[in-house]
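Here the structure is laid out as structure tokens; the discussion comes afterwards.
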Amino acid sequence: MTTVVEPDWKNELSAELDETWHSPPGLREWISTVDHKRIGMRYFYLGMVFFVVGGVQSLLIRMQLAGPDLDLLSPEAYNQLFTMHGITMMFLFAMPVLSGFGNYFVPLMIGARDMAFPRLNAFGFWVLLGAGIFMYSSFAIGQAPNNGWFNYLPLAGAEFTPGINIDFYSLGLIFLGISSTGGAINFIVTILKLRAPGMTLNRIPIFVWGELAMALQIVFALPALTLGAVLLTLERKFGFHFFDEAGGGDPLLWQHLFWVFGHPEVYIVALPGFGIASAIIPTWCRRPMVGYTYIVIGELAVALVGFGVWVHHMFSVGLSNITLSFISLASFMVVIPSGLQVFAWLATLVSGRPKLSSAMWFVLGFIMIFVVGGVTGAMFAAVTLDQALTDSYFVVAHLHYVLVGSAVFPIFAAIYHWGPKMTGRLLDERLGKVSFWLMFIGFNVAFFPQHFLGLLGMPRRVYTYQEGVGWDAHNLASTIGAFVLALGALVTMVNWYRSKQRGAVAGNDPWNGETLEWYTSSPPPHYNFVTVPTIRSREPMWDQPELAGGAQAPPEGGRPLTGGHVTLSTSLLDARPQAIVHMPHATPWPFYFSVALTVLFFMILVELWYIAVLAAVASVMTMVGWYWPRHETQET
Amino acid sequence: MRGWGARRHQGRARRIVFAGPVPVTALALLLLTACSDDSPSVLRPRSEAAERVEGLWWLTFWTSVVVVLLVTAFIVQAVRRGRAVAAEDAEQGAEEGIDTRPVPWGPPFIVIAGLVVSGAVLAGTFVVSLRTLDALAGPSGDPALTIEVIGRNWWWEVRYPNGAVTANEIHIPVGRTVEVKLSTADVIHSFWVPQLNVKQDQVPGMDNRIELLAKEPGRYRGQCAEYCGLQHARMVVYVEAEPPEQFDQWLAREAAPAAAPTSPTASTGRDILLRSSCAGCHTVRGTSAAGTLGPDLTHVASRQTIAAGTLPLERGPLADFVRNAQEAKPGATMPPTEVAPEELSAIVDYLMGLE
């Protein structure tokens with residue numbers, strides 16, 4: 001590589017910013033960091049660890065179902081595995097990894113020096129880790145949650161599941177909800193208030209819109225789940241009767257609370273994936289996204305209408321037909337905004353000059369798979385067809401087409417597209433394509449036959465099935481496909497490791513990208529940008545040549561913002577500079593707080609109330625420590 | 001609408017159409033396994049209700065095929081363009097830059113395809129689906145017979161108005177409307193016999209119902225569709241549709257008290273059964289056994305399976321199940337029976353005589 005001679009002013013600014021933002025190495029610093037990029041990486045790595053764990057669970061499940069009447073897993077082990085597979089993939093893989101990309105790239109894409117609440121951000125990660133350990137410790141005593149991620153009552157009540165399996169579930173989800181809620185609020189404030197000057201609402205990158213839509217959904221959907229989990233804990237531990245029919249409660253109350261959250265949850269996982277596709281397509285098609293406005297409206301409309309369709313998970317419980325008709329209509333309607341996005345992607349693809357990189361292949365795979373999941377989704381909007389196919393393997397096929405399509409494939413696309421920014425090194429393109437084809441073929445072999453299984457009458461969540469019902473061959477194909485899919489994912493993980501060891505150096509902008517993450521070095525410095533740029537376009541890197549040097553010069557609008565741990569706050573609609581915001585320094589208090597909370601939840605679990613009270617007091621004390629006024633800066 | 005469902009020979013066309021997104025390997029495997037005749041397939045309806053559902057399926061299926069093909073065409077075009085562009089770039093020795101010219105056809109295309117056409121298709125499907133919902137809503141006149149099906153962990157209790165009580169095998173007369181009242185004794189179950197109707201959940205405190213109206217005689221398989229715990233997988237139900245006269249005979253027989261033992265060992269078996277723990281959970285009408293936790297055994301030998309479709313009703317499997325139900329159905333309510341081998345044999349003799 002040739003040495004680029006940087007202008008003096010840039011070197012001086014870098015040195016000064018480094019002085020301000022630099023943090024010393026060491027264990028204390030490791031638990032104290034509030035850098036959104038390091039936190040984002042941690043979310044990503046932890047999420048990928050859970051992806052492997054959830055993947056191994058799915059392979060065990062598929063091995064048990066490879067043939068009729070197999071005996072690899074006991075019914076109890078199977079039920080725990082399929083339950084934890086769902087919980088893991090939704091809560092511990094997809095949400096963390098997508099939040100991880102959000103954490104890493106939202107501040108970069110909007111030209112901010114960090115998230116709005118860096119300490120809350122660090123806290124969110126530590127709580128995720130604590131909640132993950134909490135839920136997985138259930139395996140250590142062989143009592144993992146075993147009633148599915150939907151956890152219907154009365155089966156999940158103390159009468160039919162007397163063990164502490166379900167307490168791990170309900171307390172774990174309450175605990176985890178703290179992390180998701182804090183993270184969502186952080187995204188909303190960051191996106192609305194910390195954008196670079198000039199980044200008006202209609203210049204926000206679509207990926208950032210996707211994260212915003214996701215965050216808004218989390219804030220409004222998650223309380224229903226948390227409420228449900230709290231009521232369930234009260235019912236199980238203290239004999240309340242919220243869901244107990246004999247005691248005047250209603251088992252359907254749980255279903256409503258769960259699905260008021262559970263259906264938006266699908267979009268919470270899907271919307272960032274849509275956003276990733278929208279970040280990748282323009283770069284690799286070398287043209288701005290056709291129909292930006294339609295995509296943004298589409299994402300927000302999905303987030304809104306997504307709250308009106310929860311009852312289509314309950315079409316067979318015996319509600320009135322008038323209820324079903326309204327929800328059916330909403331369920332048909334929610335297809336439209338998703339369709340708008342698909343057609344905008346297609347228009348961009350065929351009107352641009354696409355380069356078939358690994359990232360691009362994963363996006364093309366995502367569109368194909370997601371569309372198949374989408375059309376089967378429309379089938380479930382038709383009430384009677386839903387009543388025929390719900391709770392059969394057709395749903396298993398459908399939900400994997402939707403979720404693997406809109407979360408896993410975009411995540412893998414992002415690994416190839418953004419990995420070089422995160423590690424500074426390129427991934428191997430040849431391995432990337434091998435990985436894609438293995439995953440794409442494996443996925444379809446695994447899940448397409450499950451449509452037939454559903455039509456052939458095979459219910460879901462069964463630990464085995466009988467010979468002679470005509471389900472054997474499809475199940476065997478599905479098992480083979482699952483292993484091919486896993487192999488494909490493994491190839492990308494190996495690729496990531498190799499690239500970190502000896503990948504080619506990426507440089508600031510290896511793909512000639514259009515958004516601001518390509519403005520800075522790879523990986524970016526602690527302070528993200530030497531100068532916070534002024535934005536004059538939706539594709540600043542394409543339209544503002546002065547950004548190419550990695551530091552917009554002050555005369556052209558670049559703001560160095562030296563002389564303190566600060567970032568710029570701008571107005572909500574048109575991003576006019578409003579204030580210099582002091583950012584908090586690294587601190588271990590969020591870590592201590594999450595440790596205290598972890599102890600608290602374990603103590604509630606085992607009903608050691610005295611220690612639980614102590615842990616609660618300790619939690620409050622850590623908050624005091626967190627907010628204790630210090631001299632050097634105004635801390636938030 | 002019936003036209004959609006009337007022809008069943010579209011199976012091959014269906015697979016070929018889907019070949020686009022589906023890899024060759026999956027296709028080959030699927031073609032090898034043309035639908036088995038034993039499958040309780042939604043696509044082999046044997047009632048008017050199930051036919052209507054099948055009609056809706058084919059409508060949405062073909063619409064879906066069109067959508068998927070359209071998207072596939074775009075993706076294929078993008079890939080072809082990508083290949084051509086790569087060749088051009090290689091020829092020129094340099095990559096072409098960013099093309100920021102607007103795409104005039106883009107926004108109208110998005111609105112027409114994504115909003116107007118999609119909206120019309122979805123609205124049309126919605127209207128058709130409402131008509132199907134209305135048609136299935138029932139009740140379609142007075143039912144010829146009303147029975148109760150109670151979901152239990154993990155089997156089905158079936159009660160007829162004349163006092164007959166059986167389990168897991170529901171007999172109905174062909175061509176007559178049978179109303180099924182659905183309830184549960186414990187957790188939520190879901191009654192699903194795909195060839196006869198959609199599924200309906202059995203929820204504590206709710207009075208759900210479903211109609212069964214079989215067009216032709218047959219043995220239709222169903223299975224619990226709502227996850228209900230450890231043995232959700234082994235909760236099979238059969239609907240036996242038979243000509244009305246045959247059904248009437250069956251029903252009269254089922255209502256009668258249990259047959260007296262016809263051999264000395266069977267007689268011994270009955271005595272053991274009555275004084276052992278068996279009688280605490282099972283009823284044998286006409287004897288002192290009046291337990292209600294397990295299936296009514298008065299005419300157990302008239303059934304074809306035991307343990308909700310888990311095992312065939314034959315001496316060997318029945319003896320194994322009586323000895324230790326936990327082997328075939330771990331977690332089932334029935335505990336192992338502690339009896340000597342000859343006592344077990346006597347009990348099985350007695351049970352096999354309870355036609």
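Each chain in the structure tokens gets a letter, A, B, ..., in the order shown, and its residues are numbered from 1; ligands are numbered from 1 in order too.
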
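Taking only C-alpha atoms, the non-local environment of Gly119 of chain B within 12 Å (same-chain residues fewer than 3 positions away omitted) comprises Leu329, Phe332, Met333, Val334, Val335, Ile336, Pro337, Ser338, Gly339, Leu340 and Ala378 of chain A; Val111, Ile112, Ala113, Gly114, Leu115, Val116, Leu122, Ala123, Gly124, Thr125 and Phe126 of chain B.
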
Skip Ile297 of chain A itself and residues of its chain fewer than 2 positions away, then list as a compact mmCIF listing (two decimals) with C-alpha atoms, in the first residue's frame all residues within 12 Å of it, counting only C-alpha atoms.
```
# COMPACT_ATOMS: atom_id res chain seq x y z
CA ASN A 202 -35.74 12.70 3.85
CA ILE A 206 -33.10 3.60 4.84
CA TRP A 209 -35.30 4.23 9.14
CA GLY A 210 -35.53 0.46 9.56
CA ALA A 213 -39.26 1.56 12.91
CA GLY A 291 -38.54 4.75 -4.63
CA TYR A 292 -36.81 5.82 -1.39
CA THR A 293 -40.03 7.43 -0.17
CA TYR A 294 -42.10 4.31 -0.84
CA ILE A 295 -39.66 2.16 1.08
CA GLU A 299 -41.37 0.36 6.67
CA LEU A 300 -43.33 2.73 8.88
CA ALA A 301 -46.66 1.37 7.63
CA VAL A 302 -45.57 -2.19 8.40
CA ALA A 303 -44.60 -1.05 11.88
CA LEU A 304 -48.03 0.55 12.36
CA VAL A 305 -50.37 -1.99 10.72
CA ILE A 336 -49.09 -4.11 0.80
CA PRO A 337 -46.34 -2.05 2.47
CA SER A 338 -44.02 -5.07 2.41
CA GLY A 339 -44.85 -5.49 -1.27
CA LEU A 340 -44.04 -1.84 -1.96
CA GLN A 341 -40.55 -2.40 -0.60
CA ALA A 344 -38.75 -0.84 -5.05
```

I'd like to know which residues of segment 519-631 of chain A are strand (DSSP E) (by DSSP, run on the backbone); could you write them as a list in words?
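Matching residues, listed in order: Val566, Thr567, Leu568, Ser569, Thr570, Pro577, Gln578, Ala579, Ile580, Val581 and His582 of chain A.
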
Could you please take those selected residues and save C-alpha atoms as a short mmCIF file (atom, residue, chain, number, x, y, z; two decimals), in the first residue's frame?
```
data_model
loop_
_atom_site.label_atom_id
_atom_site.label_comp_id
_atom_site.auth_asym_id
_atom_site.auth_seq_id
_atom_site.Cartn_x
_atom_site.Cartn_y
_atom_site.Cartn_z
CA VAL A 566 -18.97 16.05 22.84
CA THR A 567 -21.23 15.46 19.88
CA LEU A 568 -23.63 17.65 17.99
CA SER A 569 -27.38 17.74 18.52
CA THR A 570 -29.57 18.88 15.65
CA PRO A 577 -27.36 22.41 14.64
CA GLN A 578 -28.88 23.13 18.02
CA ALA A 579 -26.48 22.21 20.79
CA ILE A 580 -23.17 20.67 21.73
CA VAL A 581 -23.95 17.64 23.87
CA HIS A 582 -21.46 16.40 26.44
#
```

Interface rows for chain B against chain A: nearest pair, Å to one decimal, 6 Å, only C-alpha atoms, as a tab-separated table:
```
residue	atom	partner	partner_atom	distance
B:Pro23	CA	A:Ile441	CA	6.0
B:Ala26	CA	A:Val445	CA	5.2
B:Ser36	CA	A:Gly470	CA	5.1
B:Asp38	CA	A:Val469	CA	5.3
B:Ser39	CA	A:Val469	CA	5.0
B:Pro40	CA	A:Gly457	CA	5.3
B:Ser41	CA	A:Leu456	CA	4.0
B:Val42	CA	A:Leu455	CA	5.3
B:Val53	CA	A:Leu385	CA	5.9
B:Ser64	CA	A:Val375	CA	5.5
B:Ala78	CA	A:Val350	CA	5.1
B:Gly82	CA	A:Pro354	CA	4.7
B:Ile98	CA	A:Arg286	CA	4.9
B:Asp99	CA	A:Arg287	CA	5.1
B:Thr100	CA	A:Arg287	CA	5.6
B:Gly106	CA	A:Ala347	CA	5.9
B:Pro107	CA	A:Gly291	CA	5.8
B:Ile110	CA	A:Phe343	CA	5.5
B:Gly114	CA	A:Leu340	CA	4.5
B:Ser129	CA	A:Ala382	CA	5.3
B:Leu133	CA	A:Thr384	CA	5.8
B:Val187	CA	A:Leu155	CA	5.4
B:Val198	CA	A:Ala388	CA	4.3
B:Lys199	CA	A:Gln387	CA	5.6
B:Gln200	CA	A:Ser316	CA	5.0
B:Asp201	CA	A:Val317	CA	4.9
B:Ala225	CA	A:Pro459	CA	5.4
B:Leu230	CA	A:Pro75	CA	5.9
B:Ala233	CA	A:Val462	CA	4.4
```

Dump C-alpha atoms for the selected residues as a CSV table (one decimal), in the first residue's frame?
```csv
chain,number,residue,atom,x,y,z
B,23,PRO,CA,-33.2,-26.6,-5.9
B,26,ALA,CA,-35.5,-31.0,-3.3
B,36,SER,CA,-49.2,-41.1,0.0
B,38,ASP,CA,-52.6,-42.7,3.8
B,39,SER,CA,-51.9,-39.0,4.4
B,40,PRO,CA,-54.7,-37.0,6.1
B,41,SER,CA,-54.2,-34.4,3.4
B,42,VAL,CA,-55.9,-31.1,3.3
B,53,VAL,CA,-60.9,-24.8,2.1
B,64,SER,CA,-48.8,-17.0,-5.2
B,78,ALA,CA,-30.8,-8.7,-12.2
B,82,GLY,CA,-24.9,-8.3,-13.3
B,98,ILE,CA,-22.5,5.8,-10.2
B,99,ASP,CA,-25.6,6.4,-12.3
B,100,THR,CA,-27.7,9.0,-10.6
B,106,GLY,CA,-39.6,3.3,-11.3
B,107,PRO,CA,-42.2,5.1,-9.1
B,110,ILE,CA,-43.8,0.6,-7.6
B,114,GLY,CA,-47.1,-2.7,-5.2
B,129,SER,CA,-62.2,-15.8,1.9
B,133,LEU,CA,-65.8,-18.1,6.3
B,187,VAL,CA,-55.1,-27.8,28.9
B,198,VAL,CA,-60.6,-27.0,9.6
B,199,LYS,CA,-59.3,-27.2,13.2
B,200,GLN,CA,-61.0,-25.8,16.3
B,201,ASP,CA,-59.3,-25.3,19.6
B,225,ALA,CA,-52.9,-29.5,16.7
B,230,LEU,CA,-45.2,-34.1,26.7
B,233,ALA,CA,-47.2,-36.0,19.3
```

Using DSSP on the backbone, list every residue of segment 28-130 of chain B that comes out as alpha helix (DSSP H), and give them as a PyMOL selection string.
chain B and resi 28-32+48-92+106-111+118-130

If we count only C-alpha atoms and set the cut-off at 9 Å, which residues sit around Val322 of chain B, ignoring sequence neighbours fewer than 6 positions away in its own chain? Please answer as a list in words.
Met334, Pro335, Pro336, Thr337, Leu344, Ile347 and Val348 of chain B

Output C-alpha atoms for every residue in the selection just made, as a PDB file, in the first residue's frame.
```
ATOM      1  CA  MET B 334     -51.243 -44.291  33.479  1.00  0.00           C
ATOM      2  CA  PRO B 335     -48.627 -45.717  35.875  1.00  0.00           C
ATOM      3  CA  PRO B 336     -46.996 -49.129  35.384  1.00  0.00           C
ATOM      4  CA  THR B 337     -49.256 -51.975  36.531  1.00  0.00           C
ATOM      5  CA  LEU B 344     -51.348 -59.607  32.991  1.00  0.00           C
ATOM      6  CA  ILE B 347     -56.359 -59.018  32.083  1.00  0.00           C
ATOM      7  CA  VAL B 348     -55.508 -58.864  28.380  1.00  0.00           C
TER       8      VAL B 348
END
```

Close residues, His565 of chain A itself excluded, 7 Å, only C-alpha atoms, min 2 positions apart in chain, as a list in words:
Thr20, Trp21, His582 and Met583 of chain A

Generate the output file for the selected residues, N, CA and C atoms, as a PDB file, in the first residue's frame.
```pdb
ATOM      1  N   THR A  20      -8.672  13.106  23.663  1.00  0.00           N
ATOM      2  CA  THR A  20      -9.935  13.245  24.391  1.00  0.00           C
ATOM      3  C   THR A  20     -10.688  11.922  24.529  1.00  0.00           C
ATOM      4  N   TRP A  21     -10.728  11.134  23.434  1.00  0.00           N
ATOM      5  CA  TRP A  21     -11.606   9.970  23.402  1.00  0.00           C
ATOM      6  C   TRP A  21     -10.904   8.669  23.740  1.00  0.00           C
ATOM      7  N   HIS A 582     -22.562  17.083  25.772  1.00  0.00           N
ATOM      8  CA  HIS A 582     -21.465  16.398  26.443  1.00  0.00           C
ATOM      9  C   HIS A 582     -21.794  14.930  26.599  1.00  0.00           C
ATOM     10  N   MET A 583     -20.871  14.093  26.154  1.00  0.00           N
ATOM     11  CA  MET A 583     -21.101  12.651  26.230  1.00  0.00           C
ATOM     12  C   MET A 583     -20.420  12.098  27.483  1.00  0.00           C
TER      13      MET A 583
END
```
